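Trainee: File protein_26.txt follows (compact mmCIF, C-alpha atoms):
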```txt
# COMPACT_ATOMS: atom_id res chain seq x y z
CA MET A 1 -18.32 -13.24 -4.22
CA SER A 2 -18.22 -16.06 -1.71
CA ILE A 3 -15.80 -18.06 0.36
CA PRO A 4 -16.01 -21.83 0.02
CA SER A 5 -16.42 -23.75 3.25
CA SER A 6 -13.25 -25.65 2.41
CA ALA A 7 -11.15 -22.47 2.51
CA ALA A 8 -7.57 -23.11 3.56
CA PRO A 9 -6.92 -23.06 7.32
CA CYS A 10 -4.72 -20.42 8.88
CA LEU A 11 -1.03 -21.01 8.28
CA CYS A 12 0.00 -18.13 10.51
CA PRO A 13 3.05 -18.03 12.77
CA ASP A 14 2.54 -17.50 16.49
CA ALA A 15 -0.36 -15.05 16.76
CA SER A 16 1.41 -13.18 19.55
CA GLN A 17 4.07 -12.16 17.06
CA GLY A 18 1.71 -11.34 14.22
CA LEU A 19 2.37 -11.94 10.55
CA SER A 20 5.37 -10.21 9.03
CA ARG A 21 5.95 -9.29 5.43
CA ARG A 22 9.17 -11.31 5.50
CA THR A 23 7.21 -14.42 6.51
CA LEU A 24 4.80 -13.90 3.66
CA LEU A 25 7.19 -12.98 0.89
CA ARG A 26 10.38 -14.80 1.83
CA GLY A 27 12.30 -15.56 -1.32
CA ALA A 28 9.68 -14.01 -3.60
CA ALA A 29 11.54 -10.99 -4.95
CA ALA A 30 14.83 -9.29 -5.67
CA THR A 31 17.04 -8.39 -2.73
CA GLY A 32 19.93 -6.39 -4.13
CA ALA A 33 20.36 -3.12 -5.96
CA LEU A 34 21.44 -4.72 -9.24
CA ALA A 35 18.69 -7.35 -9.22
CA ALA A 36 16.00 -4.91 -8.18
CA VAL A 37 16.59 -2.56 -11.12
CA GLU A 38 17.44 -5.07 -13.83
CA GLY A 39 16.12 -4.01 -17.22
CA VAL A 40 16.02 -0.27 -16.55
CA GLY A 41 16.91 2.01 -19.46
CA ALA A 42 19.79 4.45 -19.58
CA GLN A 43 18.17 7.66 -18.31
CA TYR A 44 18.69 8.05 -14.58
CA ALA A 45 18.65 11.76 -13.76
CA PHE A 46 16.41 13.33 -11.14
CA ALA A 47 13.77 14.33 -13.69
CA ALA A 48 11.40 11.95 -15.42
CA SER A 49 11.79 10.80 -19.00
CA PRO A 50 11.03 13.08 -21.99
CA ALA A 51 7.53 11.57 -22.12
CA THR A 52 6.72 13.38 -18.89
CA TYR A 53 4.21 11.74 -16.59
CA THR A 54 1.60 14.21 -15.36
CA GLY A 55 -0.59 11.97 -13.21
CA ASP A 56 -0.67 11.51 -9.45
CA VAL A 57 2.00 9.72 -7.53
CA LEU A 58 0.18 6.56 -6.49
CA VAL A 59 1.16 5.28 -3.04
CA VAL A 60 0.00 1.70 -2.47
CA LEU A 61 0.08 1.05 1.27
CA SER A 62 -0.22 -2.69 1.93
CA LEU A 63 -1.56 -3.61 5.37
CA ARG A 64 -0.15 -7.12 5.57
CA GLY A 65 -1.80 -9.82 7.61
CA GLY A 66 -5.48 -9.08 7.16
CA PHE A 67 -6.68 -5.61 8.17
CA ASP A 68 -9.83 -5.55 10.32
CA GLY A 69 -11.92 -3.00 8.45
CA LEU A 70 -14.87 -3.55 10.78
CA ASN A 71 -13.05 -2.11 13.79
CA ALA A 72 -11.42 0.68 11.77
CA VAL A 73 -14.46 1.93 9.84
CA VAL A 74 -17.16 0.79 12.23
CA PRO A 75 -20.74 0.08 11.08
CA ILE A 76 -22.08 1.07 14.47
CA GLY A 77 -25.58 1.62 13.10
CA ASP A 78 -25.85 -2.03 12.10
CA PRO A 79 -27.15 -3.98 15.12
CA GLY A 80 -25.19 -7.02 14.00
CA TYR A 81 -21.88 -5.29 14.74
CA LEU A 82 -21.98 -5.18 18.55
CA ALA A 83 -24.04 -8.36 18.67
CA ASN A 84 -21.13 -10.19 17.04
CA ARG A 85 -18.41 -8.27 18.89
CA PRO A 86 -19.60 -7.83 22.47
CA THR A 87 -16.05 -7.61 23.86
CA ILE A 88 -13.91 -6.01 21.15
CA GLY A 89 -16.59 -3.87 19.47
CA ILE A 90 -16.09 -0.09 19.65
CA ALA A 91 -18.94 1.76 21.38
CA GLU A 92 -20.65 4.58 19.53
CA ARG A 93 -19.64 7.18 22.12
CA ALA A 94 -15.94 6.53 21.35
CA LEU A 95 -16.21 6.79 17.55
CA LEU A 96 -15.42 9.69 15.26
CA PRO A 97 -18.56 10.44 13.20
CA ALA A 98 -18.22 9.25 9.60
CA GLY A 99 -21.75 9.67 8.26
CA GLY A 100 -24.64 7.26 7.95
CA ILE A 101 -24.22 4.11 10.00
CA PHE A 102 -20.44 4.49 10.25
CA GLY A 103 -17.89 5.83 12.68
CA LEU A 104 -14.10 5.83 12.65
CA HIS A 105 -11.94 4.22 15.32
CA PRO A 106 -10.80 7.00 17.70
CA ALA A 107 -7.15 6.20 16.99
CA LEU A 108 -7.71 7.63 13.50
CA ASN A 109 -8.24 11.09 15.02
CA PRO A 110 -5.08 12.57 13.38
CA LEU A 111 -6.84 12.03 10.04
CA LYS A 112 -10.13 13.60 11.13
CA LYS A 113 -9.26 16.96 9.57
CA TYR A 114 -8.74 15.31 6.18
CA TRP A 115 -12.08 13.53 6.50
CA GLU A 116 -13.76 16.86 7.20
CA ALA A 117 -11.85 18.48 4.31
CA GLY A 118 -12.97 15.73 1.93
CA THR A 119 -9.49 14.37 1.20
CA PHE A 120 -9.73 11.22 3.34
CA GLY A 121 -12.38 8.60 2.74
CA ALA A 122 -13.13 4.89 2.76
CA VAL A 123 -14.83 2.14 0.82
CA HIS A 124 -16.45 -0.68 2.80
CA ALA A 125 -17.38 -4.26 1.99
CA VAL A 126 -14.51 -4.53 -0.50
CA GLY A 127 -13.47 -7.98 -1.62
CA GLN A 128 -11.79 -10.23 -4.16
CA ASP A 129 -13.53 -12.14 -6.91
CA SER A 130 -12.31 -15.53 -5.65
CA PRO A 131 -11.55 -15.07 -1.95
CA THR A 132 -9.61 -17.42 0.27
CA ARG A 133 -8.62 -17.36 3.93
CA SER A 134 -5.01 -18.31 3.16
CA HIS A 135 -2.68 -15.33 3.57
CA PHE A 136 -0.38 -16.60 0.85
CA GLN A 137 -3.00 -17.35 -1.77
CA ALA A 138 -5.01 -14.20 -0.99
CA MET A 139 -1.97 -11.95 -1.23
CA GLN A 140 -0.77 -13.44 -4.49
CA GLU A 141 -4.22 -13.12 -6.07
CA LEU A 142 -4.71 -9.60 -4.72
CA GLU A 143 -1.49 -8.40 -6.31
CA ARG A 144 -1.86 -10.41 -9.51
CA ALA A 145 -5.37 -8.94 -9.84
CA ALA A 146 -6.29 -11.03 -12.86
CA PRO A 147 -8.69 -13.77 -11.65
CA GLY A 148 -9.66 -16.32 -14.24
CA SER A 149 -6.68 -15.51 -16.45
CA SER A 150 -3.28 -17.10 -16.99
CA LEU A 151 -1.39 -13.86 -16.30
CA ARG A 152 1.42 -14.13 -13.79
CA THR A 153 2.48 -10.50 -13.72
CA GLY A 154 1.38 -8.01 -11.07
CA TRP A 155 -1.19 -5.28 -11.67
CA LEU A 156 1.32 -2.48 -11.08
CA ASP A 157 3.79 -4.02 -13.52
CA ARG A 158 1.04 -4.17 -16.14
CA THR A 159 0.19 -0.55 -15.38
CA LEU A 160 3.80 0.46 -16.02
CA GLY A 161 3.66 -1.47 -19.29
CA THR A 162 1.03 0.96 -20.58
CA ARG A 163 3.31 3.97 -20.01
CA ALA A 164 6.48 5.35 -21.50
CA ARG A 165 9.63 4.31 -19.64
CA GLY A 166 10.34 6.80 -16.89
CA SER A 167 13.25 7.42 -14.56
CA ILE A 168 14.91 4.72 -12.52
CA PHE A 169 12.67 5.75 -9.61
CA GLN A 170 9.47 5.41 -11.64
CA ALA A 171 8.20 2.48 -9.56
CA SER A 172 9.80 2.10 -6.15
CA GLN A 173 9.29 -0.15 -3.15
CA VAL A 174 10.22 2.01 -0.17
CA GLY A 175 11.07 0.67 3.26
CA SER A 176 11.95 -2.84 2.11
CA THR A 177 14.26 -4.51 -0.39
CA GLN A 178 11.64 -7.14 -1.18
CA VAL A 179 9.68 -6.30 -4.32
CA PRO A 180 5.94 -7.02 -3.92
CA PRO A 181 4.10 -9.35 -6.31
CA ALA A 182 2.17 -6.35 -7.67
CA LEU A 183 5.41 -5.23 -9.36
CA ALA A 184 6.37 -8.70 -10.65
CA GLY A 185 6.96 -8.75 -14.39
CA PRO A 186 9.15 -7.41 -17.17
CA ASN A 187 8.98 -3.72 -16.30
CA PRO A 188 11.76 -2.36 -14.08
CA GLU A 189 11.34 -1.34 -10.48
CA LEU A 190 13.58 -0.20 -7.64
CA ALA A 191 13.58 -1.49 -4.07
CA LEU A 192 15.25 0.51 -1.33
CA GLY A 193 15.14 -0.02 2.40
CA SER A 194 15.67 3.70 2.89
CA VAL A 195 17.04 6.66 0.97
CA ASP A 196 19.95 7.04 3.36
CA SER A 197 20.96 3.36 3.32
CA PHE A 198 20.68 2.77 -0.44
CA GLU A 199 24.38 2.79 -1.24
CA ILE A 200 27.13 0.76 -2.86
CA SER A 201 28.30 -1.84 -0.39
CA GLY A 202 31.69 -0.81 0.96
CA ALA A 203 31.36 2.86 0.02
CA TRP A 204 31.32 4.41 3.48
CA ASP A 205 31.84 8.04 2.42
CA ALA A 206 31.75 10.29 -0.65
CA THR A 207 35.35 9.52 -1.59
CA GLU A 208 34.77 5.78 -1.51
CA HIS A 209 31.51 6.20 -3.41
CA LYS A 210 33.36 7.96 -6.25
CA ARG A 211 36.12 5.34 -6.23
CA TRP A 212 33.67 2.43 -6.39
CA THR A 213 31.62 4.19 -9.06
CA ARG A 214 34.67 4.65 -11.28
CA ALA A 215 35.76 1.06 -10.74
CA LEU A 216 32.35 -0.48 -11.40
CA THR A 217 31.75 1.75 -14.41
CA ALA A 218 35.07 0.67 -15.93
CA MET A 219 34.39 -2.97 -15.07
CA HIS A 220 31.08 -2.98 -16.95
CA SER A 221 32.02 -0.69 -19.83
CA GLY A 222 32.61 -3.50 -22.30
CA ALA A 223 29.87 -5.83 -21.10
CA ALA A 224 26.75 -6.78 -23.01
CA GLY A 225 23.53 -4.86 -22.46
CA PRO A 226 21.89 -7.35 -20.09
CA VAL A 227 24.91 -7.02 -17.80
CA THR A 228 25.82 -3.37 -18.10
CA THR A 229 22.30 -1.91 -18.05
CA PRO A 230 21.37 -2.93 -14.51
CA ALA A 231 24.84 -2.02 -13.29
CA ARG A 232 24.58 1.47 -14.75
CA ALA A 233 21.07 1.76 -13.33
CA ALA A 234 22.20 0.80 -9.84
CA LEU A 235 25.10 3.26 -9.96
CA ALA A 236 22.81 6.05 -11.13
CA ALA A 237 20.30 5.28 -8.40
CA THR A 238 22.96 5.34 -5.69
CA ALA A 239 24.29 8.64 -7.04
CA THR A 240 20.85 10.15 -6.61
CA THR A 241 20.26 8.74 -3.13
CA ALA A 242 23.76 9.78 -2.06
CA ALA A 243 22.97 13.35 -3.10
CA LEU A 244 19.70 13.24 -1.18
CA ALA A 245 21.36 11.74 1.89
CA ALA A 246 24.08 14.40 1.84
CA ALA A 247 21.44 17.09 2.28
CA THR A 248 19.96 16.66 5.75
CA TYR A 249 16.23 16.24 5.30
CA GLN A 250 13.86 18.34 7.37
CA PRO A 251 10.14 17.58 6.97
CA ALA A 252 8.21 20.65 5.91
CA ASN A 253 5.28 22.51 7.44
CA GLY A 254 5.95 21.24 10.95
CA ALA A 255 5.29 17.61 9.96
CA ALA A 256 6.17 15.23 12.78
CA TYR A 257 6.56 11.58 11.80
CA PRO A 258 6.08 9.19 14.75
CA GLU A 259 9.33 8.13 16.36
CA ASN A 260 10.53 4.54 15.94
CA SER A 261 7.89 3.90 13.28
CA ALA A 262 8.94 1.85 10.26
CA LEU A 263 5.87 3.10 8.42
CA GLY A 264 6.64 6.70 9.32
CA LYS A 265 10.23 6.32 8.08
CA ALA A 266 9.08 4.81 4.80
CA LEU A 267 6.49 7.52 4.15
CA ARG A 268 9.07 10.16 5.07
CA ASP A 269 11.30 8.76 2.32
CA VAL A 270 8.42 8.71 -0.15
CA ALA A 271 7.84 12.40 0.60
CA ARG A 272 11.56 13.06 0.03
CA LEU A 273 11.44 11.34 -3.35
CA VAL A 274 8.27 13.17 -4.38
CA LYS A 275 9.71 16.56 -3.46
CA ALA A 276 13.09 15.80 -5.06
CA ASP A 277 11.41 15.28 -8.46
CA VAL A 278 13.20 12.00 -9.14
CA GLY A 279 10.40 10.82 -11.43
CA LEU A 280 8.48 8.78 -8.85
CA GLN A 281 5.14 7.56 -10.21
CA VAL A 282 4.34 4.54 -8.02
CA ALA A 283 5.50 3.96 -4.45
CA CYS A 284 4.79 0.70 -2.64
CA VAL A 285 4.97 0.78 1.15
CA ASP A 286 4.22 -2.04 3.60
CA GLU A 287 3.01 -2.18 7.16
CA GLY A 288 2.73 -5.65 8.64
CA ASP A 289 1.43 -7.26 11.84
CA TRP A 290 -2.32 -6.84 11.25
CA ASP A 291 -3.08 -10.54 11.86
CA MET A 292 -4.97 -10.00 15.11
CA HIS A 293 -6.27 -13.42 16.11
CA ALA A 294 -5.96 -12.61 19.81
CA GLY A 295 -5.82 -9.60 22.11
CA MET A 296 -7.05 -6.98 19.64
CA GLY A 297 -7.69 -4.53 22.47
CA THR A 298 -10.22 -1.80 23.11
CA ALA A 299 -11.03 1.66 21.79
CA ASP A 300 -8.27 3.33 23.79
CA GLU A 301 -5.53 0.72 24.12
CA GLY A 302 -4.13 -2.48 22.67
CA TRP A 303 -2.92 -3.96 19.40
CA MET A 304 -5.48 -2.42 17.02
CA HIS A 305 -5.40 0.96 18.74
CA ASP A 306 -1.61 1.15 18.59
CA HIS A 307 -1.42 0.11 14.94
CA LEU A 308 -4.13 2.54 13.87
CA THR A 309 -2.41 5.30 15.84
CA ASP A 310 0.85 4.65 13.99
CA LEU A 311 -1.00 4.51 10.67
CA ALA A 312 -2.89 7.76 11.28
CA GLN A 313 0.08 9.70 12.63
CA SER A 314 2.31 8.55 9.79
CA LEU A 315 -0.23 9.48 7.11
CA ASP A 316 -0.91 12.83 8.76
CA ALA A 317 2.80 13.65 8.80
CA PHE A 318 3.15 12.52 5.18
CA ALA A 319 0.30 14.73 3.98
CA THR A 320 1.58 17.69 5.99
CA ASP A 321 5.13 17.22 4.75
CA LEU A 322 4.00 17.18 1.10
CA GLY A 323 2.39 20.60 1.34
CA SER A 324 1.00 21.67 -2.03
CA ARG A 325 2.17 18.40 -3.61
CA PHE A 326 -0.49 16.58 -1.61
CA ALA A 327 -2.89 17.67 -4.35
CA ARG A 328 -1.21 15.25 -6.79
CA VAL A 329 -0.67 12.25 -4.54
CA THR A 330 -3.18 9.45 -3.94
CA VAL A 331 -2.73 6.90 -1.15
CA VAL A 332 -4.75 3.67 -1.21
CA THR A 333 -4.60 0.90 1.38
CA LEU A 334 -4.93 -2.77 0.46
CA SER A 335 -4.97 -5.93 2.54
CA GLU A 336 -5.29 -9.55 1.48
CA PHE A 337 -8.60 -10.03 3.28
CA GLY A 338 -10.71 -8.72 6.13
CA ARG A 339 -11.62 -10.44 9.39
CA ARG A 340 -14.63 -12.48 10.43
CA VAL A 341 -17.60 -10.60 11.80
CA GLY A 342 -17.76 -12.52 15.07
CA GLU A 343 -15.01 -12.23 17.66
CA ASN A 344 -13.29 -15.41 18.81
CA GLY A 345 -12.62 -16.65 22.32
CA SER A 346 -9.19 -14.98 22.44
CA GLY A 347 -10.34 -11.42 22.09
CA GLY A 348 -9.49 -11.27 18.39
CA VAL A 349 -10.94 -12.11 15.00
CA ASP A 350 -9.98 -14.77 12.48
CA HIS A 351 -9.55 -14.55 8.72
CA GLY A 352 -12.58 -13.29 6.81
CA HIS A 353 -13.55 -11.60 3.59
CA GLY A 354 -15.15 -8.14 3.13
CA ASN A 355 -12.91 -5.29 4.20
CA ALA A 356 -12.42 -1.52 4.24
CA VAL A 357 -10.09 0.36 1.89
CA LEU A 358 -8.79 3.77 3.00
CA LEU A 359 -8.04 6.61 0.58
CA LEU A 360 -6.07 9.82 1.19
CA GLY A 361 -5.10 12.51 -1.29
CA GLY A 362 -6.00 15.80 -2.91
CA GLY A 363 -8.16 14.12 -5.54
CA VAL A 364 -10.08 11.84 -3.17
CA ASN A 365 -13.86 12.13 -2.81
CA GLY A 366 -13.55 11.88 0.94
CA GLY A 367 -15.59 12.60 4.00
CA ARG A 368 -17.77 9.56 3.40
CA VAL A 369 -17.84 5.78 3.27
CA HIS A 370 -18.38 4.52 -0.28
CA GLY A 371 -19.69 1.17 -1.36
CA THR A 372 -22.82 -0.95 -0.97
CA TRP A 373 -23.34 -2.10 2.61
CA PRO A 374 -24.58 -5.73 2.65
CA GLY A 375 -25.52 -5.90 6.33
CA LEU A 376 -24.35 -8.00 9.26
CA SER A 377 -27.44 -10.07 10.03
CA ASP A 378 -26.91 -13.81 9.73
CA PRO A 379 -28.66 -14.14 6.32
CA ASP A 380 -26.43 -11.37 4.91
CA LEU A 381 -23.13 -12.97 5.91
CA VAL A 382 -21.10 -15.27 3.69
CA ASP A 383 -19.99 -18.20 5.83
CA GLY A 384 -19.72 -15.85 8.80
CA ASP A 385 -17.97 -13.09 6.88
CA LEU A 386 -18.89 -9.62 5.66
CA ALA A 387 -19.78 -9.98 1.99
CA GLY A 388 -17.57 -8.29 -0.58
CA THR A 389 -19.86 -6.10 -2.66
CA THR A 390 -17.20 -3.94 -4.34
CA ASP A 391 -14.37 -5.52 -6.32
CA TYR A 392 -11.17 -3.80 -5.15
CA ARG A 393 -10.01 -3.58 -8.77
CA LEU A 394 -12.84 -1.14 -9.50
CA ILE A 395 -11.34 1.21 -6.91
CA LEU A 396 -7.84 0.87 -8.36
CA GLY A 397 -9.11 1.19 -11.92
CA GLU A 398 -10.92 4.44 -11.16
CA ILE A 399 -7.80 5.87 -9.50
CA LEU A 400 -5.65 4.86 -12.47
CA GLN A 401 -8.02 6.39 -15.00
CA LYS A 402 -9.04 9.58 -13.19
CA ARG A 403 -5.84 10.41 -11.31
CA CYS A 404 -3.02 8.63 -13.14
CA GLY A 405 -3.90 9.12 -16.80
CA ALA A 406 -4.67 5.50 -17.70
CA GLY A 407 -6.77 4.76 -20.76
CA SER A 408 -8.34 1.36 -21.20
CA LEU A 409 -8.04 -0.97 -18.23
CA ALA A 410 -8.27 -4.13 -20.34
CA GLN A 411 -4.52 -4.78 -20.20
CA ILE A 412 -4.27 -4.01 -16.49
CA PHE A 413 -7.40 -5.73 -15.15
CA PRO A 414 -8.57 -8.18 -17.83
CA GLY A 415 -12.26 -9.00 -17.70
CA LEU A 416 -13.06 -6.32 -15.11
CA SER A 417 -16.54 -4.86 -15.34
CA GLY A 418 -18.75 -2.87 -13.02
CA PRO A 419 -19.62 0.71 -12.09
CA GLU A 420 -17.08 3.21 -10.84
CA PRO A 421 -17.35 3.51 -7.07
CA GLY A 422 -16.88 7.29 -7.25
CA VAL A 423 -13.90 7.45 -4.92
CA VAL A 424 -11.82 10.11 -6.72
CA LYS A 425 -12.27 13.24 -8.79
CA ALA A 426 -11.01 13.60 -12.35
CA ALA A 427 -7.59 15.28 -12.42
```
Take the structure from the file and write it as structure tokens.

Mentor:
Amino acid sequence: MSIPSSAAPCLCPDASQGLSRRTLLRGAAATGALAAVEGVGAQYAFAASPATYTGDVLVVLSLRGGFDGLNAVVPIGDPGYLANRPTIGIAERALLPAGGIFGLHPALNPLKKYWEAGTFGAVHAVGQDSPTRSHFQAMQELERAAPGSSLRTGWLDRTLGTRARGSIFQASQVGSTQVPPALAGPNPELALGSVDSFEISGAWDATEHKRWTRALTAMHSGAAGPVTTPARAALAATATTAALAAATYQPANGAAYPENSALGKALRDVARLVKADVGLQVACVDEGDWDMHAGMGTADEGWMHDHLTDLAQSLDAFATDLGSRFARVTVVTLSEFGRRVGENGSGGVDHGHGNAVLLLGGGVNGGRVHGTWPGLSDPDLVDGDLAGTTDYRLILGEILQKRCGAGSLAQIFPGLSGPEPGVVKAA
């Protein structure tokens, strides 16, 4: 894997504002209830379809903007790390021990107990087959996950195509009404900003909800399948979310999601859907603003510290809230690229290549950093970047096969070959 020297320049908005998901995906996906669930079949109850899915709920947490894996999972034992990051590098004394040459950023402390329990781990030096430093190109290729092919569907949509049709909540984007490119394709998905807000427009209480449901049902009763199916799906979905919203949700086991956290709110809703047995199989959740070209901060304050704190607290609350169901949930983080090894003159890092992937769940082989470490000396770098020695699709493929019941990966990741990285246990 290598990055050509002619890689596209940064097309970021003002670095002080970071890169938002809306900036990246504006106009790329469905935005309304009917559009988001178009093509869904006629079974919409809380339970899954008769062909019951028994695999893990896969939570794909996208860290939009270019996650800096080097300051999250720190290769402190590699002398090239602090040599390249004299200002923003994290000193060894501040790190959480992670084995070998690695340490974890101290803001990840809420997840330390999962690391020690073996249910939280990482893979380092992860990359794409044909990397680029353009956010837009890198994100599209990451979520298409079919380099060298003519496929235009997303890898999660192709995954759904290998399974029996499930409930309307089978594949859900939670926390946003914009469907990610990974779900692009013919298989149905649902996008909801939140459980409590997913409602028929104009139905402000239960009485109005019933009135609108009757009216819309009657309106579509004689329509053709392509018209009536998404309408019925949307009505069924809102009936379910209305029932969930009517019952005040209290996180279990003392779980405390961080206040005013969009990520925490989204993961809280994922936990609600998991525990409500609505048939959730795949949940996509986004956290943006990782494009830290300037002012990254230090070990105990600043942009990176604050974002990692939110990430760690949100994931800790999610795992705690799930209780025994944590055993059958796998969380994997993805980002379009990593950051350059050397810091820039603004106290940040520019777009790079090799990155760290984080994994959390009952079936994770955690407590260690997986992958082949290429080194940070000048001869080991690829145009100033950490080399990508593990194809991210190998991580996803292993999760799908060992935790989610997938068979052959040929339809999902065409042309993929390579050894399993050993990141999860067989279910």

Trainee: Would you mind telling me which residue in A:Ala410, A:Ala427, A:Ala276, A:Ala182 lies nearest to A:Ala245 when using only C-alpha atoms?

Mentor: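 For A:Ala245, the nearest of the candidates is A:Ala276.
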
Trainee: For a quick check of understanding, using all atoms listed in the file, which of A:Leu190, A:Ala236, A:Ala426, A:Leu70 has the smallest distance to A:Gly103?

Mentor: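 Going through A:Leu190, A:Ala236, A:Ala426, A:Leu70 one by one, the smallest distance to A:Gly103 is for A:Leu70.
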
Trainee: So, with all atoms listed in the file as the atoms that count, which of A:Arg368, A:Lys112, A:His135, A:Arg85 lies closest to A:His353?

Mentor: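 With all atoms listed in the file as the atom set, the closest residue is A:His135.
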
Trainee: Find the residues around A:Tyr257 up to 6 Å (all atoms listed in the file counted), leave out those fewer than 2 positions away in its own chain, and share them as a list in words.

Mentor: Gly264, Ser314 and Ala317 of chain A

Trainee: Given the choices A:Thr52, A:Gln128, A:Thr119, A:Gln411, which gets closest to A:Leu334 if the distance is worked out from only C-alpha atoms?

Mentor: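 Among the listed residues, A:Gln128 lies closest to A:Leu334.
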
Trainee: With a distance cut-off of 9 Å and only C-alpha atoms, select the neighbouring residues of stretch 75-78 of chain A, excluding the residue or stretch itself and same-chain residues fewer than 5 positions from it, and output the selection as a list in words.

Mentor: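 Near stretch 75-78 of chain A, the qualifying residues are Leu70, Gly89, Ile90, Ala91, Glu92, Leu95, Gly100, Ile101, Phe102, Gly103, Leu104, Gly375, Leu376 and Ser377 of chain A.
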
Trainee: Tell me which of A:Ala387, A:Ala239, A:Val382, A:Met304 sits closest to A:Leu108, counting all atoms listed in the file.

Mentor: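 Of A:Ala387, A:Ala239, A:Val382, A:Met304, the one nearest A:Leu108, counting all atoms listed in the file, is A:Met304.
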
Trainee: For atom CA of A:Asp391 and atom CA of A:Gly288, quote the distance in Å rounded to one decimal.

Mentor: 22.7 Å

Trainee: Please list as a VMD selection string every residue within 12 Å of A:Asn260, counting all atoms listed in the file and excluding residues in the same chain fewer than 5 positions away.

Mentor: chain A and resid 265 to 266 310 314

Trainee: Measuring atom to atom with all atoms listed in the file, identify which of A:Glu143, A:Glu343, A:Asp157, A:Glu208 is nearest to A:Pro181.

Mentor: A:Glu143

Trainee: How many Å lie between atom CA of A:Gly154 and atom CA of A:Lys425, rounded to one decimal?

Mentor: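 About the pair atom CA of A:Gly154 and atom CA of A:Lys425: they are 25.4 Å apart.
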
Trainee: Please provide the set of residues having any atom within 7 Å of A:Met292, restricted to all atoms listed in the file, with same-chain residues fewer than 2 positions apart removed, written as a count of residues only.

Mentor: 6

Trainee: Here's a test: counting only C-alpha atoms, identify every protein, DNA and RNA residue with an atom at most 9 Å from (-16.2, 1.8, -8.2) in the file's coordinate frame, and state them as a list in words.

Mentor: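 Every polymer residue passing the test: His370, Gly371, Thr390, Asp391, Tyr392, Arg393, Leu394, Ile395, Leu396, Gly397, Glu398, Gly418, Pro419, Glu420, Pro421, Gly422 and Val423 of chain A.
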
Trainee: Tell me, as a ChimeraX atom specification, which residues lie within 8 Å of A:Thr372, counting all atoms listed in the file; anything in the same chain fewer than 5 positions away does not count.

Mentor: /A:124-125,389-390

Trainee: Give me, please, the distance in Å between atom CA of A:Gly384 and atom CA of A:Gly80, quoted to one decimal.

Mentor: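 Atom-to-atom, atom CA of A:Gly384 to atom CA of A:Gly80, that is 11.6 Å.
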
Trainee: Would you mind writing stretch 87-98 of chain A with N, CA and C atoms, as a PDB file, keeping the file's coordinate frame?

Mentor:
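Saved result, selection.pdb, follows:
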```
ATOM      1  N   THR A  87     -17.243  -7.945  23.065  1.00  0.00           N
ATOM      2  CA  THR A  87     -16.050  -7.610  23.860  1.00  0.00           C
ATOM      3  C   THR A  87     -15.137  -6.628  23.153  1.00  0.00           C
ATOM      4  N   ILE A  88     -14.884  -6.844  21.884  1.00  0.00           N
ATOM      5  CA  ILE A  88     -13.910  -6.010  21.150  1.00  0.00           C
ATOM      6  C   ILE A  88     -14.575  -4.934  20.310  1.00  0.00           C
ATOM      7  N   GLY A  89     -15.901  -4.896  20.245  1.00  0.00           N
ATOM      8  CA  GLY A  89     -16.590  -3.870  19.470  1.00  0.00           C
ATOM      9  C   GLY A  89     -16.355  -2.495  20.068  1.00  0.00           C
ATOM     10  N   ILE A  90     -16.329  -1.461  19.210  1.00  0.00           N
ATOM     11  CA  ILE A  90     -16.090  -0.090  19.650  1.00  0.00           C
ATOM     12  C   ILE A  90     -17.445   0.595  19.868  1.00  0.00           C
ATOM     13  N   ALA A  91     -17.671   1.110  21.054  1.00  0.00           N
ATOM     14  CA  ALA A  91     -18.940   1.760  21.380  1.00  0.00           C
ATOM     15  C   ALA A  91     -19.113   3.059  20.604  1.00  0.00           C
ATOM     16  N   GLU A  92     -20.351   3.394  20.330  1.00  0.00           N
ATOM     17  CA  GLU A  92     -20.650   4.580  19.530  1.00  0.00           C
ATOM     18  C   GLU A  92     -20.073   5.851  20.145  1.00  0.00           C
ATOM     19  N   ARG A  93     -20.117   5.962  21.452  1.00  0.00           N
ATOM     20  CA  ARG A  93     -19.640   7.180  22.120  1.00  0.00           C
ATOM     21  C   ARG A  93     -18.151   7.429  21.890  1.00  0.00           C
ATOM     22  N   ALA A  94     -17.386   6.380  21.549  1.00  0.00           N
ATOM     23  CA  ALA A  94     -15.940   6.530  21.350  1.00  0.00           C
ATOM     24  C   ALA A  94     -15.580   6.849  19.909  1.00  0.00           C
ATOM     25  N   LEU A  95     -16.513   6.686  18.977  1.00  0.00           N
ATOM     26  CA  LEU A  95     -16.210   6.790  17.550  1.00  0.00           C
ATOM     27  C   LEU A  95     -16.174   8.224  17.051  1.00  0.00           C
ATOM     28  N   LEU A  96     -15.400   8.431  15.993  1.00  0.00           N
ATOM     29  CA  LEU A  96     -15.420   9.690  15.260  1.00  0.00           C
ATOM     30  C   LEU A  96     -16.534   9.586  14.212  1.00  0.00           C
ATOM     31  N   PRO A  97     -17.451  10.537  14.157  1.00  0.00           N
ATOM     32  CA  PRO A  97     -18.560  10.440  13.200  1.00  0.00           C
ATOM     33  C   PRO A  97     -18.048  10.353  11.767  1.00  0.00           C
ATOM     34  N   ALA A  98     -18.638   9.432  10.994  1.00  0.00           N
ATOM     35  CA  ALA A  98     -18.220   9.250   9.600  1.00  0.00           C
ATOM     36  C   ALA A  98     -19.393   9.262   8.638  1.00  0.00           C
TER      37      ALA A  98
END
```
